[in-house]
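Student: One file: entry_37.cif (mmCIF, C-alpha atoms and all ligand atoms).
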```
data_protein
loop_
_atom_site.label_atom_id
_atom_site.label_comp_id
_atom_site.auth_asym_id
_atom_site.auth_seq_id
_atom_site.Cartn_x
_atom_site.Cartn_y
_atom_site.Cartn_z
CA MET A 1111 27.89 -54.07 5.79
CA LYS A 1112 31.23 -55.21 4.44
CA PRO A 1113 34.10 -52.77 4.78
CA VAL A 1114 34.62 -50.50 1.84
CA PRO A 1115 37.95 -51.32 0.19
CA GLU A 1116 40.70 -48.98 1.32
CA ALA A 1117 41.10 -46.09 -1.07
CA SER A 1118 44.10 -46.60 -3.27
CA PRO A 1119 46.30 -43.68 -4.26
CA GLN A 1120 44.21 -41.19 -6.17
CA ILE A 1121 43.30 -42.43 -9.57
CA ILE A 1122 42.31 -39.18 -11.09
CA GLY A 1123 42.37 -35.64 -9.95
CA ALA A 1124 41.41 -36.09 -6.32
CA ALA A 1125 44.24 -34.01 -4.92
CA GLU A 1126 43.32 -30.96 -6.93
CA ALA A 1127 39.70 -31.57 -6.07
CA ARG A 1128 40.25 -30.60 -2.48
CA THR A 1129 41.62 -27.16 -3.14
CA GLY A 1130 40.49 -24.00 -4.81
CA THR A 1131 37.21 -23.09 -6.40
CA GLU A 1132 38.20 -23.88 -10.00
CA CYS A 1133 37.04 -27.22 -11.32
CA PRO A 1134 40.04 -29.53 -11.20
CA GLU A 1135 41.42 -31.02 -14.38
CA PRO A 1136 41.10 -34.79 -14.06
CA ARG A 1137 44.11 -36.94 -14.74
CA ALA A 1138 44.64 -40.69 -14.75
CA GLU A 1139 47.50 -42.55 -13.18
CA GLY A 1140 47.79 -45.53 -15.48
CA GLY A 1141 46.17 -48.93 -15.46
CA ARG A 1142 43.08 -50.15 -17.28
CA TYR A 1143 39.56 -48.76 -17.19
CA LEU A 1144 36.28 -50.40 -18.20
CA VAL A 1145 33.55 -48.38 -19.91
CA THR A 1146 30.22 -50.11 -20.50
CA GLY A 1147 28.27 -48.38 -23.26
CA GLY A 1148 31.58 -46.95 -24.46
CA LEU A 1149 30.40 -46.71 -28.07
CA GLY A 1150 27.55 -44.38 -27.13
CA PHE A 1151 27.47 -40.61 -26.97
CA VAL A 1152 28.89 -39.97 -23.49
CA GLY A 1153 30.89 -43.20 -23.49
CA SER A 1154 32.82 -42.43 -26.66
CA HIS A 1155 33.79 -38.98 -25.35
CA LEU A 1156 34.92 -40.58 -22.09
CA VAL A 1157 36.92 -43.27 -23.89
CA ARG A 1158 38.70 -40.72 -26.08
CA HIS A 1159 39.53 -38.67 -23.01
CA LEU A 1160 40.86 -41.69 -21.10
CA LEU A 1161 43.03 -42.69 -24.06
CA ALA A 1162 44.34 -39.13 -24.28
CA LEU A 1163 45.32 -39.44 -20.62
CA GLY A 1164 47.46 -42.41 -21.58
CA VAL A 1165 45.61 -45.28 -19.89
CA GLN A 1166 44.24 -48.55 -21.26
CA VAL A 1167 40.54 -48.87 -21.92
CA THR A 1168 38.18 -51.81 -22.37
CA VAL A 1169 34.79 -50.99 -23.86
CA LEU A 1170 31.83 -53.32 -23.42
CA ASP A 1171 28.98 -52.42 -25.74
CA SER A 1172 26.17 -54.40 -27.33
CA ASP A 1173 26.39 -52.51 -30.60
CA ARG A 1174 27.73 -55.09 -33.04
CA THR A 1175 27.81 -52.94 -36.14
CA SER A 1176 31.31 -51.86 -37.01
CA THR A 1177 30.27 -48.23 -37.63
CA ARG A 1178 30.51 -46.85 -34.12
CA ALA A 1179 33.58 -48.87 -33.19
CA ASP A 1180 35.31 -47.66 -36.36
CA ARG A 1181 34.23 -44.13 -35.63
CA LEU A 1182 35.59 -44.33 -32.11
CA ARG A 1183 38.92 -45.69 -33.33
CA ALA A 1184 39.06 -43.01 -36.05
CA GLY A 1185 38.62 -40.29 -33.42
CA VAL A 1186 41.64 -41.24 -31.32
CA PRO A 1187 45.31 -40.63 -32.11
CA ALA A 1188 46.80 -43.59 -33.99
CA GLY A 1189 49.23 -44.34 -31.16
CA SER A 1190 46.46 -44.88 -28.62
CA VAL A 1191 44.35 -47.37 -30.60
CA ALA A 1192 46.53 -50.18 -29.28
CA ARG A 1193 45.41 -49.27 -25.73
CA LEU A 1194 41.75 -49.70 -26.65
CA ARG A 1195 39.93 -53.04 -26.61
CA ILE A 1196 36.32 -53.19 -27.70
CA VAL A 1197 34.29 -56.18 -26.53
CA ALA A 1198 30.95 -56.75 -28.25
CA GLY A 1199 28.79 -57.84 -25.35
CA ASP A 1200 25.53 -57.28 -23.56
CA VAL A 1201 25.19 -56.38 -19.88
CA ARG A 1202 22.05 -58.54 -19.84
CA ARG A 1203 24.29 -61.58 -20.34
CA PRO A 1204 26.53 -62.37 -17.34
CA GLU A 1205 28.84 -64.41 -19.57
CA ASP A 1206 29.54 -61.32 -21.70
CA LEU A 1207 30.44 -59.40 -18.55
CA HIS A 1208 32.85 -62.13 -17.53
CA ASP A 1209 34.60 -61.81 -20.90
CA ALA A 1210 35.05 -58.08 -20.43
CA LEU A 1211 36.07 -58.41 -16.77
CA ALA A 1212 38.76 -60.89 -17.77
CA ASP A 1213 40.64 -57.83 -19.05
CA GLY A 1214 40.90 -56.53 -15.48
CA PRO A 1215 41.80 -55.63 -12.86
CA PHE A 1216 40.45 -52.18 -13.58
CA ARG A 1217 41.31 -48.96 -11.79
CA ALA A 1218 37.73 -47.84 -12.34
CA VAL A 1219 34.57 -49.00 -14.06
CA PHE A 1220 32.23 -46.52 -15.72
CA HIS A 1221 28.78 -47.98 -16.23
CA LEU A 1222 27.02 -46.11 -19.01
CA ALA A 1223 25.36 -48.92 -20.98
CA ALA A 1224 21.64 -48.31 -21.04
CA TYR A 1225 18.45 -47.98 -22.97
CA SER A 1226 19.09 -44.26 -22.81
CA VAL A 1227 16.22 -42.89 -24.86
CA ILE A 1228 12.95 -42.44 -23.04
CA GLU A 1229 10.76 -43.28 -26.03
CA ARG A 1230 12.74 -46.44 -26.84
CA ALA A 1231 12.42 -47.63 -23.25
CA ALA A 1232 8.67 -47.00 -23.39
CA GLN A 1233 8.39 -49.11 -26.54
CA ASP A 1234 10.21 -52.02 -24.90
CA PRO A 1235 9.76 -51.97 -21.12
CA THR A 1236 11.14 -55.50 -20.71
CA GLY A 1237 14.31 -54.63 -22.60
CA ALA A 1238 14.66 -51.39 -20.65
CA ILE A 1239 14.40 -53.01 -17.23
CA ALA A 1240 16.60 -55.92 -18.34
CA THR A 1241 19.34 -53.50 -19.42
CA ASN A 1242 19.05 -50.55 -17.06
CA ALA A 1243 18.23 -52.47 -13.88
CA ILE A 1244 19.22 -56.14 -14.27
CA GLY A 1245 22.22 -55.21 -16.45
CA THR A 1246 23.48 -52.99 -13.64
CA VAL A 1247 22.98 -55.80 -11.12
CA ASN A 1248 24.78 -58.26 -13.43
CA LEU A 1249 27.79 -55.95 -13.58
CA LEU A 1250 27.87 -55.28 -9.84
CA ASP A 1251 27.39 -58.95 -9.01
CA ALA A 1252 30.20 -59.99 -11.35
CA LEU A 1253 32.47 -57.42 -9.70
CA ARG A 1254 31.65 -58.42 -6.13
CA ARG A 1255 32.27 -62.09 -6.90
CA ALA A 1256 35.90 -61.25 -7.61
CA PRO A 1257 36.76 -59.07 -4.59
CA SER A 1258 40.49 -59.19 -5.28
CA ALA A 1259 39.76 -57.57 -8.63
CA LEU A 1260 37.43 -54.87 -7.28
CA PRO A 1261 38.19 -51.53 -8.91
CA ASP A 1262 38.69 -48.39 -6.84
CA ALA A 1263 35.37 -47.07 -8.08
CA VAL A 1264 32.35 -48.13 -10.09
CA VAL A 1265 30.72 -44.98 -11.42
CA ILE A 1266 27.10 -45.46 -12.47
CA ALA A 1267 25.47 -42.95 -14.81
CA SER A 1268 22.03 -42.26 -13.41
CA THR A 1269 19.63 -39.48 -14.31
CA ASP A 1270 17.59 -36.62 -12.91
CA LYS A 1271 14.54 -38.50 -14.24
CA VAL A 1272 14.68 -40.72 -11.11
CA TYR A 1273 13.17 -37.82 -9.15
CA GLY A 1274 10.03 -37.44 -11.22
CA GLU A 1275 8.00 -34.25 -10.82
CA MET A 1276 9.84 -31.60 -8.80
CA GLU A 1277 8.59 -30.15 -5.54
CA GLY A 1278 10.12 -26.80 -4.71
CA SER A 1279 12.78 -25.15 -6.85
CA ARG A 1280 15.38 -27.94 -7.21
CA TYR A 1281 16.14 -31.56 -6.44
CA THR A 1282 18.67 -32.41 -3.77
CA GLU A 1283 19.92 -35.96 -3.23
CA GLN A 1284 17.39 -36.18 -0.38
CA SER A 1285 14.43 -35.44 -2.64
CA ALA A 1286 11.85 -38.19 -3.03
CA LEU A 1287 12.47 -40.62 -5.90
CA ARG A 1288 9.27 -40.55 -7.90
CA GLY A 1289 10.35 -41.39 -11.43
CA ILE A 1290 7.46 -43.39 -12.82
CA GLY A 1291 8.00 -43.42 -16.61
CA ILE A 1292 9.46 -46.69 -17.91
CA TYR A 1293 12.92 -45.20 -18.51
CA ASP A 1294 12.80 -43.29 -15.23
CA ALA A 1295 11.80 -46.34 -13.19
CA ALA A 1296 14.29 -48.67 -14.90
CA LYS A 1297 17.14 -46.21 -14.27
CA LEU A 1298 15.89 -45.68 -10.73
CA ALA A 1299 16.17 -49.41 -10.08
CA GLY A 1300 19.78 -49.42 -11.37
CA ASP A 1301 20.57 -46.34 -9.28
CA VAL A 1302 19.21 -47.89 -6.08
CA MET A 1303 20.92 -51.22 -6.76
CA GLY A 1304 24.17 -49.31 -7.11
CA GLN A 1305 23.68 -48.04 -3.58
CA ALA A 1306 22.55 -51.48 -2.35
CA PHE A 1307 25.70 -53.17 -3.63
CA HIS A 1308 27.80 -50.68 -1.74
CA GLN A 1309 25.82 -51.12 1.46
CA SER A 1310 25.57 -54.89 1.22
CA PHE A 1311 28.85 -55.96 -0.36
CA GLY A 1312 31.19 -52.98 -0.21
CA VAL A 1313 31.33 -52.51 -3.97
CA PRO A 1314 32.75 -48.97 -4.30
CA THR A 1315 29.88 -47.52 -6.31
CA VAL A 1316 29.35 -43.84 -7.06
CA VAL A 1317 25.98 -42.90 -8.50
CA LEU A 1318 25.92 -39.73 -10.60
CA ARG A 1319 22.54 -38.27 -11.48
CA LEU A 1320 23.03 -36.42 -14.74
CA CYS A 1321 20.82 -33.87 -16.44
CA ASN A 1322 20.45 -33.45 -20.23
CA VAL A 1323 23.83 -33.89 -21.88
CA PHE A 1324 24.60 -32.21 -25.20
CA GLY A 1325 27.63 -32.04 -27.44
CA PRO A 1326 29.09 -33.29 -30.70
CA ASP A 1327 28.38 -36.75 -32.03
CA ASP A 1328 25.20 -37.63 -30.18
CA ARG A 1329 23.77 -40.18 -32.61
CA ASN A 1330 20.39 -40.24 -30.84
CA SER A 1331 19.04 -37.76 -33.35
CA ARG A 1332 15.59 -39.25 -33.59
CA TYR A 1333 14.42 -38.20 -30.15
CA ARG A 1334 16.82 -35.95 -28.23
CA LEU A 1335 16.10 -32.25 -28.53
CA VAL A 1336 19.47 -30.84 -29.62
CA PRO A 1337 20.62 -33.57 -32.06
CA ARG A 1338 17.09 -33.97 -33.43
CA SER A 1339 16.86 -30.25 -34.12
CA LEU A 1340 20.27 -30.12 -35.77
CA SER A 1341 19.44 -33.09 -37.99
CA LEU A 1342 16.52 -31.10 -39.40
CA ILE A 1343 18.33 -27.78 -39.65
CA PHE A 1344 21.21 -29.39 -41.55
CA ASP A 1345 19.09 -31.70 -43.66
CA PRO A 1346 21.03 -32.04 -46.93
CA ALA A 1347 17.83 -31.39 -48.93
CA GLY A 1348 17.54 -27.95 -47.35
CA PRO A 1349 16.96 -26.63 -43.85
CA LEU A 1350 13.84 -27.87 -42.12
CA PRO A 1351 12.44 -26.23 -39.00
CA PRO A 1352 13.11 -28.13 -35.79
CA GLU A 1353 10.03 -29.24 -33.91
CA LEU A 1354 8.84 -28.14 -30.51
CA TYR A 1355 6.33 -30.61 -29.15
CA PHE A 1356 3.33 -28.68 -27.89
CA GLU A 1357 3.38 -30.79 -24.72
CA SER A 1358 6.87 -29.56 -23.85
CA ILE A 1359 6.32 -25.82 -24.24
CA GLY A 1360 6.27 -25.38 -20.46
CA HIS A 1361 9.22 -27.69 -19.73
CA TRP A 1362 12.39 -26.53 -18.04
CA ARG A 1363 15.53 -28.66 -18.01
CA ASP A 1364 19.16 -28.48 -16.92
CA TYR A 1365 21.80 -28.90 -19.63
CA ILE A 1366 25.44 -29.92 -19.40
CA TYR A 1367 28.10 -30.09 -22.07
CA VAL A 1368 29.54 -33.55 -22.65
CA ASP A 1369 33.15 -32.60 -21.78
CA ASP A 1370 31.92 -31.53 -18.35
CA VAL A 1371 30.19 -34.88 -17.87
CA VAL A 1372 33.49 -36.59 -18.69
CA THR A 1373 35.17 -34.44 -16.04
CA ALA A 1374 32.45 -35.32 -13.52
CA LEU A 1375 32.80 -39.05 -14.21
CA LEU A 1376 36.57 -38.93 -13.79
CA LEU A 1377 36.45 -36.86 -10.62
CA ALA A 1378 33.86 -39.21 -9.15
CA ALA A 1379 36.13 -42.17 -9.88
CA GLY A 1380 39.19 -40.48 -8.48
CA HIS A 1381 37.89 -39.12 -5.22
CA PRO A 1382 37.74 -41.66 -2.36
CA ALA A 1383 35.07 -39.62 -0.56
CA CYS A 1384 32.69 -40.25 -3.43
CA ARG A 1385 32.53 -44.00 -2.93
CA GLY A 1386 29.21 -45.24 -1.64
CA GLU A 1387 27.62 -41.87 -2.38
CA VAL A 1388 24.97 -40.49 -4.71
CA PHE A 1389 25.45 -37.12 -6.36
CA ASN A 1390 23.53 -34.74 -8.53
CA VAL A 1391 25.74 -33.28 -11.26
CA ALA A 1392 24.63 -29.70 -11.86
CA GLY A 1393 24.46 -28.47 -15.42
CA CYS A 1394 25.61 -25.15 -16.83
CA VAL A 1395 22.14 -23.74 -17.30
CA ASN A 1396 18.44 -24.31 -16.68
CA LEU A 1397 16.36 -23.42 -19.74
CA SER A 1398 12.84 -23.75 -21.06
CA THR A 1399 12.52 -26.04 -24.07
CA PRO A 1400 11.40 -23.21 -26.42
CA GLU A 1401 14.44 -21.19 -25.35
CA VAL A 1402 16.76 -24.10 -26.15
CA LEU A 1403 15.27 -24.33 -29.63
CA ARG A 1404 15.58 -20.58 -30.14
CA ARG A 1405 19.26 -20.76 -29.23
CA VAL A 1406 19.88 -23.83 -31.42
CA VAL A 1407 18.36 -22.04 -34.43
CA GLU A 1408 20.36 -18.88 -33.76
CA ALA A 1409 23.63 -20.74 -33.25
CA ALA A 1410 23.10 -22.75 -36.43
CA ALA A 1411 22.24 -19.66 -38.48
CA GLU A 1412 25.18 -17.71 -37.08
CA TYR A 1413 27.63 -20.45 -38.03
CA GLU A 1414 26.00 -20.98 -41.44
CA ARG A 1415 26.25 -17.27 -42.31
CA ARG A 1416 29.99 -17.66 -42.90
CA LEU A 1417 29.55 -20.68 -45.14
CA ASP A 1418 26.26 -20.24 -46.98
CA PRO A 1419 24.46 -16.96 -46.19
CA GLU A 1420 21.39 -17.88 -48.19
CA ARG A 1421 20.98 -21.11 -46.24
CA ALA A 1422 21.52 -19.18 -43.01
CA GLU A 1423 18.63 -16.87 -43.91
CA ARG A 1424 16.36 -19.85 -44.48
CA ILE A 1425 17.35 -21.36 -41.13
CA MET A 1426 16.36 -18.12 -39.40
CA ALA A 1427 13.19 -17.72 -41.46
CA ASN A 1428 12.15 -21.29 -40.63
CA GLY A 1429 12.58 -20.76 -36.89
CA PHE A 1430 10.98 -23.75 -35.20
CA ARG A 1431 7.49 -25.14 -35.48
CA VAL A 1432 5.14 -26.34 -32.78
CA VAL A 1433 3.84 -29.87 -33.29
CA VAL A 1434 1.12 -31.62 -31.31
CA ARG A 1435 2.43 -35.09 -30.63
CA GLY A 1436 0.15 -36.15 -27.80
CA GLN A 1437 1.08 -38.23 -24.81
CA THR A 1438 3.33 -41.21 -25.61
CA PRO A 1439 2.39 -44.26 -23.52
CA GLY A 1440 5.14 -45.07 -21.00
CA VAL A 1441 6.63 -41.58 -21.19
CA THR A 1442 5.97 -39.26 -18.28
CA THR A 1443 6.14 -35.56 -18.88
CA ILE A 1444 7.95 -33.99 -15.98
CA SER A 1445 7.32 -30.28 -16.28
CA ARG A 1446 10.31 -28.75 -14.47
CA GLN A 1447 13.68 -30.25 -13.57
CA HIS A 1448 16.59 -28.59 -11.82
CA LEU A 1449 19.42 -30.29 -9.93
CA ASP A 1450 21.16 -28.90 -6.88
CA GLY A 1451 24.79 -29.94 -7.37
CA THR A 1452 26.13 -28.57 -4.07
CA LYS A 1453 27.09 -31.95 -2.61
CA PHE A 1454 29.20 -32.99 -5.61
CA ALA A 1455 30.77 -29.53 -5.85
CA GLN A 1456 31.72 -29.62 -2.17
CA THR A 1457 33.16 -33.12 -2.42
CA THR A 1458 35.13 -32.77 -5.65
CA SER A 1459 35.15 -29.02 -6.51
CA PHE A 1460 33.35 -29.95 -9.73
CA ARG A 1461 31.58 -27.28 -11.68
CA ALA A 1462 30.33 -27.32 -15.27
CA ARG A 1463 32.80 -25.06 -17.05
CA THR A 1464 31.36 -24.95 -20.53
CA ASP A 1465 28.93 -22.16 -21.18
CA PHE A 1466 25.76 -23.37 -22.91
CA ASP A 1467 26.07 -21.16 -25.99
CA HIS A 1468 29.73 -21.98 -26.39
CA GLY A 1469 29.05 -25.72 -26.16
CA LEU A 1470 26.20 -25.27 -28.61
CA ARG A 1471 28.48 -23.57 -31.16
CA VAL A 1472 30.85 -26.55 -31.02
CA THR A 1473 27.92 -28.95 -31.34
CA VAL A 1474 26.54 -27.02 -34.32
CA ARG A 1475 29.90 -27.06 -36.07
CA ALA A 1476 30.20 -30.83 -35.63
CA ALA A 1477 26.62 -31.47 -36.79
CA ARG A 1478 27.04 -29.24 -39.84
CA ALA A 1479 30.22 -31.09 -40.80
CA GLY A 1480 28.55 -34.45 -40.27
CA TYR A 1481 25.43 -33.71 -42.32
CA LEU A 1482 26.67 -31.38 -45.02
CA ASP A 1483 30.39 -31.94 -45.36
CA PRO A 1484 31.15 -35.66 -45.28
CA THR A 1485 34.80 -34.93 -46.14
CA ALA A 1486 35.23 -33.02 -42.87
CA GLY A 1487 36.00 -36.13 -40.79
CA PRO A 1488 35.07 -36.36 -37.11
CA VAL A 1489 34.74 -33.01 -35.32
CA LEU A 1490 34.43 -34.45 -31.91
CA ALA A 1491 36.17 -33.79 -28.69
CA GLY A 1492 38.64 -31.64 -26.87
CA THR A 1493 36.73 -28.87 -28.49
CA THR A 1494 35.84 -26.38 -25.84
CA ARG A 1495 39.04 -25.80 -23.97
N1 LIG B 1501 22.65 -38.26 -22.69
C1 LIG B 1501 21.92 -37.76 -21.71
O1 LIG B 1501 21.31 -36.69 -21.82
C2 LIG B 1501 21.83 -38.50 -20.39
C3 LIG B 1501 21.19 -37.86 -19.30
C4 LIG B 1501 21.12 -38.54 -18.08
C5 LIG B 1501 21.65 -39.81 -17.96
N2 LIG B 1501 22.23 -40.41 -19.04
C6 LIG B 1501 22.78 -41.76 -18.88
O2 LIG B 1501 24.14 -41.74 -19.31
C7 LIG B 1501 24.47 -42.98 -19.93
C8 LIG B 1501 25.06 -42.74 -21.30
O3 LIG B 1501 24.08 -42.08 -22.11
P1 LIG B 1501 24.35 -41.78 -23.65
O4 LIG B 1501 23.68 -40.51 -23.97
O5 LIG B 1501 25.77 -41.95 -23.96
O6 LIG B 1501 23.52 -42.97 -24.31
P2 LIG B 1501 23.79 -43.73 -25.69
O7 LIG B 1501 22.50 -44.37 -26.07
O8 LIG B 1501 24.42 -42.81 -26.68
O9 LIG B 1501 24.84 -44.84 -25.30
C9 LIG B 1501 24.47 -46.00 -24.60
C10 LIG B 1501 25.36 -47.14 -25.09
O10 LIG B 1501 24.99 -48.31 -24.36
C11 LIG B 1501 24.97 -49.38 -25.27
N3 LIG B 1501 24.05 -50.40 -24.76
C12 LIG B 1501 22.70 -50.34 -24.74
N4 LIG B 1501 22.20 -51.47 -24.21
C13 LIG B 1501 23.27 -52.24 -23.88
C14 LIG B 1501 23.40 -53.50 -23.30
N5 LIG B 1501 22.32 -54.24 -22.96
N6 LIG B 1501 24.64 -54.03 -23.09
C15 LIG B 1501 25.74 -53.31 -23.46
N7 LIG B 1501 25.67 -52.10 -24.03
C16 LIG B 1501 24.45 -51.57 -24.23
C17 LIG B 1501 24.50 -48.80 -26.60
O11 LIG B 1501 24.88 -49.61 -27.71
C18 LIG B 1501 25.17 -47.45 -26.57
O12 LIG B 1501 26.42 -47.50 -27.23
C19 LIG B 1501 23.20 -43.82 -19.92
O13 LIG B 1501 23.24 -44.67 -18.81
C20 LIG B 1501 22.10 -42.79 -19.76
O14 LIG B 1501 20.95 -43.34 -19.15
C21 LIG B 1501 22.35 -39.78 -20.25
#
```
Would you kindly transcribe this structure into structure tokens?
Ligand SMILES: NC(=O)c1ccc[n+]([C@@H]2O[C@H](COP(=O)([O-])OP(=O)(O)OC[C@H]3O[C@@H](n4cnc5c(N)ncnc54)[C@H](O)[C@@H]3O)[C@@H](O)[C@H]2O)c1
Tutor:
Amino acid sequence: MKPVPEASPQIIGAAEARTGTECPEPRAEGGRYLVTGGLGFVGSHLVRHLLALGVQVTVLDSDRTSTRADRLRAGVPAGSVARLRIVAGDVRRPEDLHDALADGPFRAVFHLAAYSVIERAAQDPTGAIATNAIGTVNLLDALRRAPSALPDAVVIASTDKVYGEMEGSRYTEQSALRGIGIYDAAKLAGDVMGQAFHQSFGVPTVVLRLCNVFGPDDRNSRYRLVPRSLSLIFDPAGPLPPELYFESIGHWRDYIYVDDVVTALLLAAGHPACRGEVFNVAGCVNLSTPEVLRRVVEAAAEYERRLDPERAERIMANGFRVVVRGQTPGVTTISRQHLDGTKFAQTTSFRARTDFDHGLRVTVRAARAGYLDPTAGPVLAGTTR
């Protein structure tokens, strides 16, 4: 194994991470950061946060429509737009990675680009493996070929889906990796390659296994539970009941608010002890899927009561409806998921600070503004603290 590059002075928040039980507030010490998938849900929150910390950011994202790039730029203070560079590129194409890496050296790289929706990965297994597995290898290989430009940390967003069906009451990092759905397996390959590039070449990877992330501005409203439900509840033609798939009635999942994921990513990048490690990132709550829907409906109705009481009544009266969807080929249905986040908490003092219902209220407000009040402008980040 090649030696791991010596830890540079803390990038972000590592000093605070060692003391106290409160989750440290991450900070950045200047320089440039690369975010792959930076136009996506988590990525755009991370980019806005990095810009607010005063650093320079390069985004590499394959989305070539101007909508999300414009939206990202619109959501940051005018003065920080000059510190943001957006490169339209695909992690499946090494030449695109070289373009983005030419902006370096980077203090840290956050690798979020992915086929991130389970159903989409199942529809296109080749695309999913090419992006989630080979795309990760392309990035790591490009980084290791320029050792003088190696960042202090390469944080890879992995997922609790790599574990597959749970044995016992929670997954630890030692639990067997049994993710066998197309998305699960493609992410698992990227996750393991992250570890392999540390072991084999000393690339300072940190793999974070995330649970279900929720928060404002998740554009994946076709499939993901919270944004899908809110898109129906705030349908401009009148509230529609969100759908609970019959197959998921018995499912339990961890949830984490997006600001807390941003904190986790930054702490992972900033703490030298994280390099070469894999961590579960514990959420704020473990809930059954019907309970999530019940809370989404209640939070939406509660907020709507102040604005349009009659509409609020209809939201409550609609509740949610159970729909039989049947098994989707390529999608595994893991019944219960729950991450043990002790290792990450002990290493960085991280804990998810945002209460589920509080985060949901912020998410509801943003969704309502987006669907029913187009003049409201982005209601995005920095919203819970
Ligand atoms: N959101 C969650 O609940 C969750 C949970 C666990 C893990 N994750 C992981 O976190 C990361 C971010 O998730 P998200 O919710 O922001 O997803 P997202 O779909 O909102 O964002 C992903 C971004 O990656 C970009 N992208 C896709 N393929 C690409 C490619 N080949 N080259 C370059 N860019 C590409 C997309 O255009 C998009 O902007 C993903 O790696 C995902 O697997 C997310």
Student: Using all atoms listed in the file, which protein or nucleic acid residues come within 7 Å of Leu1376 in chain A? Drop anything in the same chain fewer than 3 positions from it, and give the result as a PyMOL selection string.
Tutor: chain A and resi 1122+1136+1372-1373+1379-1380
Student: Between A:Lys1297, A:Arg1405, A:Arg1471, A:Arg1230, which one has atoms that come closest to ligand LIG 1501 (chain B), using all atoms listed in the file?
Tutor: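 Distance minimum relative to ligand LIG 1501 (chain B) lands on A:Lys1297.
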Student: For Val1402 in chain A, work out the shell of residues within 9 Å, counting all atoms listed in the file and skipping chain neighbours fewer than 4 positions away, then give it as a PyMOL selection string.
Tutor: chain A and resi 1335-1336+1397-1398+1406-1407
Student: Kindly compile the residues surrounding ligand LIG 1501 (chain B) within 8 Å, counting all atoms listed in the file, and format them as a VMD selection string.
Tutor: chain A and resid 1146 to 1154 1170 to 1173 1198 to 1202 1221 to 1227 1240 to 1242 1245 1266 to 1271 1297 1319 to 1324 1328 to 1330 1334
Student: Just how far from CA of Gln1233 in chain A is CA of Val1441 in chain A, in Å to one decimal?
Tutor: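 Here the two named atoms are 9.4 Å from each other.
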Student: Given the choices A:Glu1132, A:Glu1414, A:Glu1420, A:Glu1275, which gets closest to Ala1479 in chain A if the distance is worked out from all atoms listed in the file?
Tutor: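 The closest residue to Ala1479 in chain A is A:Glu1414.
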Student: Name the residues in contact with Ser1339 in chain A at a cut-off of 12 Å, using only C-alpha atoms, excluding same-chain residues fewer than 4 positions from it; report them as number ranges by chain.
Tutor: A: 1324, 1328, 1330-1335, 1343-1345, 1349-1355, 1399-1400, 1402-1410, 1425, 1429-1431, 1470, 1473-1474, 1477-1478
Student: Nearest residue to Ser1176 in chain A out of A:Ala1243, A:Met1276, A:Ile1196, A:Val1157, using only C-alpha atoms?
Tutor: A:Ile1196
Student: Could you tell me which of A:Leu1182, A:Leu1160, A:Val1317, A:Ala1192 comes closest to Arg1385 in chain A if we count all atoms listed in the file?
Tutor: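 Among the listed residues, A:Val1317 lies closest to Arg1385 in chain A.
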Student: By how many Å are CA of Leu1377 in chain A and CA of Asp1301 in chain A apart?
Tutor: 18.5 Å
Student: Got a sec: who's within 12 Å of Ala1212 in chain A, counting only C-alpha atoms, leaving out chain neighbours fewer than 5 positions off, as a PDB file with C-alpha atoms, in the frame of the given file?
Tutor:
```pdb
ATOM      1  CA  ARG A1142      43.080 -50.150 -17.280  1.00  0.00           C
ATOM      2  CA  LEU A1144      36.280 -50.400 -18.200  1.00  0.00           C
ATOM      3  CA  THR A1168      38.180 -51.810 -22.370  1.00  0.00           C
ATOM      4  CA  LEU A1170      31.830 -53.320 -23.420  1.00  0.00           C
ATOM      5  CA  ARG A1195      39.930 -53.040 -26.610  1.00  0.00           C
ATOM      6  CA  VAL A1197      34.290 -56.180 -26.530  1.00  0.00           C
ATOM      7  CA  GLU A1205      28.840 -64.410 -19.570  1.00  0.00           C
ATOM      8  CA  ASP A1206      29.540 -61.320 -21.700  1.00  0.00           C
ATOM      9  CA  LEU A1207      30.440 -59.400 -18.550  1.00  0.00           C
ATOM     10  CA  ALA A1252      30.200 -59.990 -11.350  1.00  0.00           C
ATOM     11  CA  LEU A1253      32.470 -57.420  -9.700  1.00  0.00           C
ATOM     12  CA  ALA A1256      35.900 -61.250  -7.610  1.00  0.00           C
ATOM     13  CA  ALA A1259      39.760 -57.570  -8.630  1.00  0.00           C
TER      14      ALA A1259
END
```
Student: Using all atoms listed in the file, can you tell me which of A:Pro1134, A:Gly1386, A:Pro1235, A:Gly1360 comes closest to Val1302 in chain A?
Tutor: A:Gly1386
Student: Can you measure CA of Asn1390 in chain A to CA of Gly1451 in chain A for me? One decimal in Å is fine.
Tutor: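 If I compute the distance from CA of Asn1390 in chain A to CA of Gly1451 in chain A, I get 5.1 Å.
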Student: Which one is closest to Val1371 in chain A: A:Val1433, A:Leu1156, A:Leu1417, A:Val1219? Count all atoms listed in the file.
Tutor: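 The closest residue to Val1371 in chain A is A:Leu1156.
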Student: Neighbours of Ala1218 in chain A within 8 Å (all atoms listed in the file; same-chain residues fewer than 2 positions away dropped), as a PDB file with C-alpha atoms, in the coordinates of the input?
Tutor:
```pdb
ATOM      1  CA  ARG A1142      43.080 -50.150 -17.280  1.00  0.00           C
ATOM      2  CA  TYR A1143      39.560 -48.760 -17.190  1.00  0.00           C
ATOM      3  CA  LEU A1144      36.280 -50.400 -18.200  1.00  0.00           C
ATOM      4  CA  PHE A1216      40.450 -52.180 -13.580  1.00  0.00           C
ATOM      5  CA  PHE A1220      32.230 -46.520 -15.720  1.00  0.00           C
ATOM      6  CA  PRO A1261      38.190 -51.530  -8.910  1.00  0.00           C
ATOM      7  CA  ASP A1262      38.690 -48.390  -6.840  1.00  0.00           C
ATOM      8  CA  ALA A1263      35.370 -47.070  -8.080  1.00  0.00           C
ATOM      9  CA  VAL A1264      32.350 -48.130 -10.090  1.00  0.00           C
ATOM     10  CA  VAL A1265      30.720 -44.980 -11.420  1.00  0.00           C
ATOM     11  CA  ALA A1379      36.130 -42.170  -9.880  1.00  0.00           C
TER      12      ALA A1379
END
```
